[in-house]
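Chemist: mmCIF, C-alpha atoms, file data_19.cif:
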data_entry
#
loop_
_atom_site.label_atom_id
_atom_site.label_comp_id
_atom_site.auth_asym_id
_atom_site.auth_seq_id
_atom_site.Cartn_x
_atom_site.Cartn_y
_atom_site.Cartn_z
CA MET A 1 15.77 1.72 3.27
CA THR A 2 15.30 -1.82 2.04
CA ALA A 3 12.32 -3.35 0.29
CA VAL A 4 11.30 -5.07 3.51
CA PRO A 5 9.98 -2.04 5.37
CA GLU A 6 8.34 -0.87 2.17
CA ALA A 7 6.37 -4.10 2.10
CA THR A 8 5.47 -4.26 5.77
CA GLU A 9 5.20 -0.73 7.10
CA LEU A 10 4.58 1.38 4.03
CA ASP A 11 2.11 -0.67 2.06
CA GLY A 12 0.59 -2.51 5.00
CA SER A 13 0.99 -5.98 3.52
CA GLY A 14 0.85 -7.80 6.85
CA ARG A 15 -2.32 -9.79 7.55
CA ALA A 16 -3.38 -7.63 10.51
CA ALA A 17 -2.76 -3.92 10.96
CA GLN A 18 0.15 -3.34 13.34
CA PRO A 19 0.64 -0.09 15.30
CA ARG A 20 3.56 0.88 13.06
CA GLN A 21 1.33 0.52 9.97
CA LEU A 22 -1.33 2.70 11.57
CA ILE A 23 1.36 5.29 12.36
CA VAL A 24 2.51 5.35 8.74
CA THR A 25 -1.13 5.79 7.67
CA VAL A 26 -1.50 8.80 9.99
CA TYR A 27 1.72 10.35 8.67
CA GLY A 28 0.73 9.66 5.08
CA LEU A 29 -2.72 11.17 5.50
CA TYR A 30 -1.98 14.23 7.58
CA SER A 31 1.64 15.21 8.15
CA ARG A 32 2.60 15.66 4.50
CA THR A 33 0.11 18.50 4.05
CA GLU A 34 1.01 20.12 7.37
CA GLY A 35 4.78 20.47 7.12
CA GLY A 36 5.59 16.77 7.44
CA TRP A 37 6.09 16.76 11.21
CA LEU A 38 4.14 15.36 14.17
CA SER A 39 5.02 15.66 17.84
CA VAL A 40 5.24 12.44 19.82
CA ALA A 41 2.46 13.68 22.10
CA SER A 42 0.16 14.36 19.14
CA LEU A 43 0.85 10.97 17.65
CA ILE A 44 0.08 9.27 20.97
CA ASP A 45 -3.23 11.17 21.18
CA LEU A 46 -4.22 10.28 17.61
CA LEU A 47 -3.34 6.60 17.93
CA ALA A 48 -5.24 6.36 21.22
CA VAL A 49 -8.42 7.08 19.23
CA VAL A 50 -7.61 4.06 17.05
CA GLY A 51 -7.05 1.88 20.13
CA VAL A 52 -3.24 1.85 20.33
CA ASP A 53 -1.74 2.54 23.75
CA GLU A 54 1.25 4.80 24.45
CA PRO A 55 3.89 2.06 24.97
CA ALA A 56 2.97 0.49 21.62
CA VAL A 57 3.21 3.87 19.90
CA ARG A 58 6.63 4.63 21.36
CA SER A 59 7.94 1.15 20.52
CA SER A 60 6.65 1.39 16.95
CA ILE A 61 8.15 4.86 16.47
CA SER A 62 11.54 3.50 17.53
CA ARG A 63 11.28 0.69 15.02
CA LEU A 64 10.25 3.05 12.22
CA LYS A 65 13.19 5.29 13.08
CA ARG A 66 15.64 2.35 12.97
CA ARG A 67 14.33 1.36 9.56
CA GLY A 68 14.81 4.84 8.13
CA ILE A 69 11.12 5.64 7.72
CA LEU A 70 10.91 8.32 10.42
CA GLU A 71 13.52 10.88 11.44
CA ALA A 72 13.66 12.56 14.86
CA VAL A 73 13.19 16.35 14.68
CA ARG A 74 12.69 18.71 17.65
CA ARG A 75 10.68 21.90 17.28
CA ASP A 76 10.80 24.46 20.07
CA ALA A 77 12.08 21.79 22.45
CA THR A 78 9.18 19.50 21.50
CA ALA A 79 10.09 15.95 20.50
CA GLY A 80 8.67 14.78 17.21
CA TYR A 81 9.27 12.90 13.99
CA GLU A 82 8.90 13.45 10.28
CA LEU A 83 8.97 11.12 7.31
CA SER A 84 12.31 10.54 5.62
CA ASP A 85 12.67 11.72 2.04
CA GLU A 86 12.64 8.13 0.80
CA ALA A 87 9.50 7.30 2.78
CA ARG A 88 7.78 10.36 1.30
CA GLU A 89 8.64 9.18 -2.20
CA ILE A 90 7.32 5.68 -1.53
CA LEU A 91 4.10 7.08 -0.08
CA ARG A 92 3.71 9.39 -3.08
CA GLU A 93 3.89 6.39 -5.38
CA GLY A 94 1.47 4.59 -3.07
CA ASP A 95 -1.08 7.41 -3.38
CA GLU A 96 -1.34 6.76 -7.09
CA ARG A 97 -2.18 3.13 -6.43
CA ILE A 98 -4.40 3.42 -3.39
CA PHE A 99 -6.70 6.03 -4.92
CA ARG A 100 -6.71 4.64 -8.46
CA ARG A 101 -10.27 3.63 -9.34
CA GLU A 102 -9.64 2.26 -12.82
CA ARG A 103 -8.72 -1.34 -13.50
CA ALA A 104 -6.61 -2.34 -16.46
CA THR A 105 -8.37 -3.47 -19.63
CA PRO A 106 -7.34 -6.26 -22.01
CA ALA A 107 -6.45 -3.64 -24.62
CA ASP A 108 -3.87 -2.07 -22.30
CA GLY A 109 -1.50 -5.02 -22.65
CA TRP A 110 1.06 -6.26 -20.16
CA LEU A 111 4.36 -5.22 -18.64
CA LEU A 112 7.05 -7.89 -18.62
CA ALA A 113 10.05 -7.66 -16.31
CA VAL A 114 12.91 -9.92 -17.35
CA PHE A 115 15.96 -10.04 -15.14
CA SER A 116 19.29 -11.75 -14.77
CA VAL A 117 21.47 -11.33 -11.68
CA PRO A 118 24.98 -12.85 -11.30
CA GLU A 119 25.29 -15.57 -8.69
CA THR A 120 27.83 -13.42 -6.88
CA GLU A 121 25.05 -10.89 -6.24
CA ARG A 122 22.29 -13.28 -5.26
CA HIS A 123 21.12 -10.87 -2.53
CA LYS A 124 20.13 -8.45 -5.27
CA ARG A 125 18.22 -11.23 -7.01
CA HIS A 126 16.23 -11.74 -3.82
CA LEU A 127 15.69 -7.98 -3.48
CA LEU A 128 14.52 -7.72 -7.08
CA ARG A 129 12.05 -10.59 -6.68
CA THR A 130 10.80 -9.09 -3.42
CA GLN A 131 10.28 -5.70 -5.04
CA LEU A 132 8.42 -7.10 -8.05
CA ALA A 133 6.18 -9.19 -5.80
CA ARG A 134 5.56 -6.15 -3.61
CA MET A 135 4.43 -4.19 -6.65
CA GLY A 136 1.91 -6.88 -7.59
CA PHE A 137 3.75 -8.73 -10.37
CA GLY A 138 2.84 -12.33 -11.10
CA THR A 139 5.34 -14.94 -12.25
CA ALA A 140 4.88 -15.97 -15.88
CA ALA A 141 8.07 -18.10 -16.06
CA SER A 142 11.45 -18.36 -14.39
CA GLY A 143 12.94 -14.86 -14.49
CA VAL A 144 9.88 -13.45 -16.27
CA TRP A 145 7.41 -11.43 -14.21
CA ILE A 146 4.18 -9.89 -15.49
CA ALA A 147 1.88 -7.03 -14.49
CA PRO A 148 -0.66 -4.72 -16.14
CA ALA A 149 1.13 -2.27 -18.44
CA HIS A 150 0.10 0.83 -16.47
CA LEU A 151 2.71 -0.08 -13.84
CA HIS A 152 5.66 0.59 -16.15
CA ALA A 153 6.60 4.04 -14.79
CA ALA A 154 6.23 3.08 -11.12
CA THR A 155 8.25 -0.10 -11.71
CA ALA A 156 11.06 1.77 -13.47
CA GLU A 157 11.18 4.35 -10.66
CA ALA A 158 11.27 1.71 -7.92
CA LEU A 159 13.99 -0.40 -9.56
CA THR A 160 16.08 2.71 -10.16
CA ARG A 161 15.64 3.86 -6.56
CA LEU A 162 16.81 0.48 -5.26
CA GLY A 163 19.82 0.27 -7.61
CA LEU A 164 18.36 -2.69 -9.52
CA ALA A 165 17.78 -1.18 -12.96
CA GLU A 166 20.95 -2.65 -14.45
CA TYR A 167 19.72 -6.20 -13.80
CA ALA A 168 16.30 -5.94 -15.46
CA ASP A 169 14.61 -5.10 -18.74
CA LEU A 170 11.00 -3.95 -19.00
CA PHE A 171 8.85 -4.76 -22.05
CA ARG A 172 5.29 -3.90 -23.05
CA ALA A 173 3.60 -7.03 -24.42
CA ASP A 174 0.35 -8.52 -25.74
CA HIS A 175 -0.85 -12.09 -25.31
CA LEU A 176 -1.24 -13.26 -28.90
CA ALA A 177 -1.91 -16.99 -28.84
CA PHE A 178 -2.14 -20.30 -26.97
CA GLY A 179 -4.10 -20.84 -23.83
CA ASP A 180 -6.97 -19.06 -22.13
CA ILE A 181 -5.72 -15.78 -20.68
CA ALA A 182 -8.12 -15.96 -17.71
CA ALA A 183 -6.68 -19.37 -16.82
CA LYS A 184 -3.18 -17.93 -17.20
CA VAL A 185 -4.00 -15.07 -14.83
CA ARG A 186 -5.09 -17.60 -12.22
CA GLU A 187 -1.69 -19.31 -12.63
CA TRP A 188 0.26 -16.06 -12.41
CA TRP A 189 -1.59 -14.65 -9.37
CA ASP A 190 -2.99 -16.36 -6.28
CA LEU A 191 -6.61 -15.32 -6.80
CA ASP A 192 -7.86 -17.58 -4.02
CA ARG A 193 -5.72 -15.74 -1.48
CA LEU A 194 -6.79 -12.38 -2.91
CA ASP A 195 -10.43 -13.40 -2.61
CA GLU A 196 -9.90 -14.29 1.05
CA LEU A 197 -8.25 -10.92 1.74
CA TYR A 198 -10.95 -8.96 -0.08
CA THR A 199 -13.69 -10.88 1.72
CA THR A 200 -12.01 -10.15 5.06
CA PHE A 201 -11.82 -6.45 4.14
CA LEU A 202 -15.54 -6.43 3.31
CA ASP A 203 -16.41 -8.16 6.58
CA GLU A 204 -14.20 -5.91 8.71
CA HIS A 205 -15.09 -2.54 7.22
CA GLY A 206 -18.63 -2.98 5.94
CA PRO A 207 -20.08 -1.98 9.35
CA ALA A 208 -18.37 1.43 9.10
CA LEU A 209 -20.48 2.23 6.02
CA ARG A 210 -23.69 1.20 7.78
CA ARG A 211 -22.99 3.33 10.87
CA ARG A 212 -25.79 5.91 11.13
CA SER A 213 -24.52 8.40 13.70
CA LEU A 214 -20.90 9.44 13.26
CA THR A 215 -18.72 11.84 15.21
CA ASP A 216 -15.59 13.35 13.70
CA GLU A 217 -13.53 11.30 16.15
CA GLN A 218 -15.20 8.06 15.04
CA ALA A 219 -14.76 9.06 11.41
CA PHE A 220 -11.03 9.51 12.04
CA ALA A 221 -10.70 6.10 13.73
CA ASP A 222 -12.69 4.38 10.98
CA TYR A 223 -10.79 6.12 8.19
CA VAL A 224 -7.34 5.24 9.55
CA ARG A 225 -8.37 1.60 9.97
CA VAL A 226 -10.00 1.44 6.54
CA LEU A 227 -7.07 3.00 4.72
CA THR A 228 -4.57 0.83 6.56
CA GLY A 229 -6.57 -2.25 5.63
CA TRP A 230 -6.97 -1.16 2.01
CA ARG A 231 -3.53 0.16 1.13
CA ARG A 232 -1.98 -3.29 0.88
CA MET A 233 -4.58 -4.50 -1.62
CA PRO A 234 -3.46 -2.53 -4.72
CA TYR A 235 -0.01 -4.08 -4.23
CA LEU A 236 -1.36 -7.62 -4.16
CA ASP A 237 -3.92 -7.05 -6.93
CA PRO A 238 -2.33 -4.63 -9.40
CA GLY A 239 -5.62 -3.68 -11.09
CA LEU A 240 -6.05 -6.88 -13.09
CA PRO A 241 -8.65 -6.61 -15.90
CA ALA A 242 -12.13 -7.59 -14.70
CA GLU A 243 -12.59 -9.63 -17.90
CA PHE A 244 -9.94 -12.10 -16.67
CA LEU A 245 -11.28 -12.42 -13.12
CA PRO A 246 -14.00 -14.67 -11.68
CA ARG A 247 -17.58 -13.47 -12.01
CA ASP A 248 -18.74 -11.28 -9.08
CA TRP A 249 -15.10 -10.78 -8.11
CA SER A 250 -14.83 -9.78 -4.46
CA GLY A 251 -12.12 -7.25 -5.29
CA ILE A 252 -14.55 -5.09 -7.24
CA ARG A 253 -17.00 -5.06 -4.32
CA ALA A 254 -14.17 -4.28 -1.90
CA ALA A 255 -13.01 -1.36 -4.05
CA GLU A 256 -16.56 0.01 -4.15
CA LEU A 257 -16.70 -0.20 -0.35
CA PHE A 258 -13.35 1.55 0.05
CA PHE A 259 -14.24 4.47 -2.19
CA GLU A 260 -17.67 4.87 -0.55
CA LEU A 261 -15.97 4.97 2.86
CA HIS A 262 -13.35 7.37 1.55
CA ALA A 263 -16.10 9.74 0.39
CA LYS A 264 -17.94 9.41 3.72
CA LEU A 265 -15.03 9.61 6.16
CA GLU A 266 -12.19 11.65 4.66
CA THR A 267 -13.58 15.14 5.38
CA PRO A 268 -14.79 14.63 8.98
CA ALA A 269 -11.60 12.70 9.78
CA ARG A 270 -9.45 15.58 8.56
CA GLU A 271 -11.59 18.04 10.49
CA TYR A 272 -11.04 16.01 13.66
CA VAL A 273 -7.27 16.12 13.17
CA ALA A 274 -7.32 19.85 12.41
CA LYS A 275 -9.25 20.55 15.64
CA SER A 276 -7.23 18.18 17.81
CA ILE A 277 -3.60 18.48 16.76
CA ASN A 278 -1.07 21.29 16.65
CA PHE A 279 1.30 20.43 13.82
CA GLY A 280 3.85 23.05 14.82
#
Translate the structure described by the file into structure tokens.

Modeler:
Amino acid sequence: MTAVPEATELDGSGRAAQPRQLIVTVYGLYSRTEGGWLSVASLIDLLAVVGVDEPAVRSSISRLKRRGILEAVRRDATAGYELSDEAREILREGDERIFRRERATPADGWLLAVFSVPETERHKRHLLRTQLARMGFGTAASGVWIAPAHLHAATAEALTRLGLAEYADLFRADHLAFGDIAAKVREWWDLDRLDELYTTFLDEHGPALRRRSLTDEQAFADYVRVLTGWRRMPYLDPGLPAEFLPRDWSGIRAAELFFELHAKLETPAREYVAKSINFG
């Protein structure tokens, strides 16, 4: 599996949720605790609740299979799919990000990734840059990428998994002098774009928190949409320290909304799936 499907299907980094991203959300939320398998019929029923029709589900499943994210498995003559081992590992790492409440602090320091790739292997240079960007690194200088220090283990695991470890060195660092660090952070990350994405998330999912009457089915639909919309954000904003961000940062309000919705929706959504689906 390349870094491309990780960025598009597995962390939901597209601007609008696609059926294949919703499918990965459903697998990530429910199949891993129920044997890792879903029948095609069950998946069609679940995605119908979220507003995805059967042809779109079948087309998206085929694409996820081609990209090595899903594997076809029959159980008692019933057609179904389960996550590949690599997809499970990527989703496991994603769990740690998606449900991490804490932001980095200035005292935590920074993680620097310095890399050098021979010209004869320029494709690996592109893959390495893509992977670092996917994990939320900013660019401090040519060949020097920066992120909050808490990402060191996840970064080392990802680069090892992709066969890129030999081209990079990881360092823990502190900013000691010269220049305002908040201004530097704005140079290293596109905070304007992040603010637009967070504001869109607040606008799209705020109504779900204000909904007064809620069925388990509606909770499921809301939760899948909310999680699909949120799971890209920790990859674009890697938990940057609040002290270096604009006042009343939209990302903090968006995180508060996500965790309130998680608390409200997770249990009834899971109950809906348990009542509706036979995992086999």

Chemist: One decimal, in Å: what's the spacing between CA of Leu128 in chain A and CA of Glu157 in chain A?

Modeler: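 Going from CA of Leu128 in chain A over to CA of Glu157 in chain A covers 13.0 Å.
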
Chemist: What are the closest atom pairs, with distances in Å to one decimal, for each residue of range 159-274 of chain A lying within 9 Å of range 117-126 of chain A, using only C-alpha atoms, rows by chain and rising residue number, as a tab-separated table?

Modeler:
residue	atom	partner	partner_atom	distance
A:Leu164	CA	A:Lys124	CA	7.4
A:Tyr167	CA	A:Val117	CA	5.8
A:Ala168	CA	A:Val117	CA	8.4

Chemist: Go ahead and dump the residues you just picked, C-alpha atoms, as a compact mmCIF listing (two decimals), in the frame of the given file.

Modeler:
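Ended up saving to again-v5.txt:
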# COMPACT_ATOMS: atom_id res chain seq x y z
CA LEU A 164 18.36 -2.69 -9.52
CA TYR A 167 19.72 -6.20 -13.80
CA ALA A 168 16.30 -5.94 -15.46

Chemist: Have a look at A:Ala165, A:Leu265, A:Leu245, A:Ala113 and name the one nearest to Leu151 in chain A; count only C-alpha atoms.

Modeler: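 Of all the options, A:Ala113 lies closest to Leu151 in chain A.
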
Chemist: Please list as a list in words every residue within 10 Å of Glu217 in chain A, counting only C-alpha atoms and excluding residues in the same chain fewer than 4 positions away.

Modeler: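 In the requested format, the answer is Leu46, Val49, Val50, Ala221, Asp222, Tyr223, Pro268, Ala269, Arg270, Glu271, Tyr272, Val273 and Ser276 of chain A.
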
Chemist: Would you please work out which residue, of A:Thr25, A:Thr105, A:Ser59, A:Thr139, is nearest to Ala242 in chain A when using only C-alpha atoms?

Modeler: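 Of A:Thr25, A:Thr105, A:Ser59, A:Thr139, the one nearest Ala242 in chain A, counting only C-alpha atoms, is A:Thr105.
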
Chemist: Using all atoms listed in the file, pick whichever of A:Glu93, A:Glu204, A:Asp45, A:Glu86 has the shortest atom-to-atom distance to Met135 in chain A.

Modeler: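 When distances to Met135 in chain A are compared using all atoms listed in the file, the smallest one comes from A:Glu93.
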
Chemist: Please enumerate the residues selected by the PyMOL selection byres ((chain A and resi 61) around 12) when evaluated against the supplied file, formatted as number ranges by chain.

Modeler: A: 9, 18-24, 27, 38-41, 43-44, 47, 54-60, 62-72, 79-83

Chemist: Choose the residue, out of A:Leu111, A:Val73, A:Ala48, A:Ala173, that has the smallest atom-to-atom separation from Ala153 in chain A; count only C-alpha atoms.

Modeler: A:Leu111

Chemist: CA of Trp249 in chain A to CA of Glu187 in chain A: how many Å, to one decimal?

Modeler: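 Interatomic distance here is 16.5 Å.
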
Chemist: Quick one: which residues end up in the PyMOL selection byres ((chain A and resi 176) around 12) for this structure, as a ChimeraX atom specification?

Modeler: /A:106-107,109-110,173-175,177-181

Chemist: List, as a PyMOL selection string, every residue that the PyMOL selection byres ((chain A and resi 144) around 9) selects in the file provided.

Modeler: chain A and resi 112-115+138-143+145-146

Chemist: Kindly give the distance, in Å, that separates CA of Arg100 in chain A and CA of Pro238 in chain A, rounded to a single decimal.

Modeler: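 Between CA of Arg100 in chain A and CA of Pro238 in chain A the gap works out to 10.3 Å.
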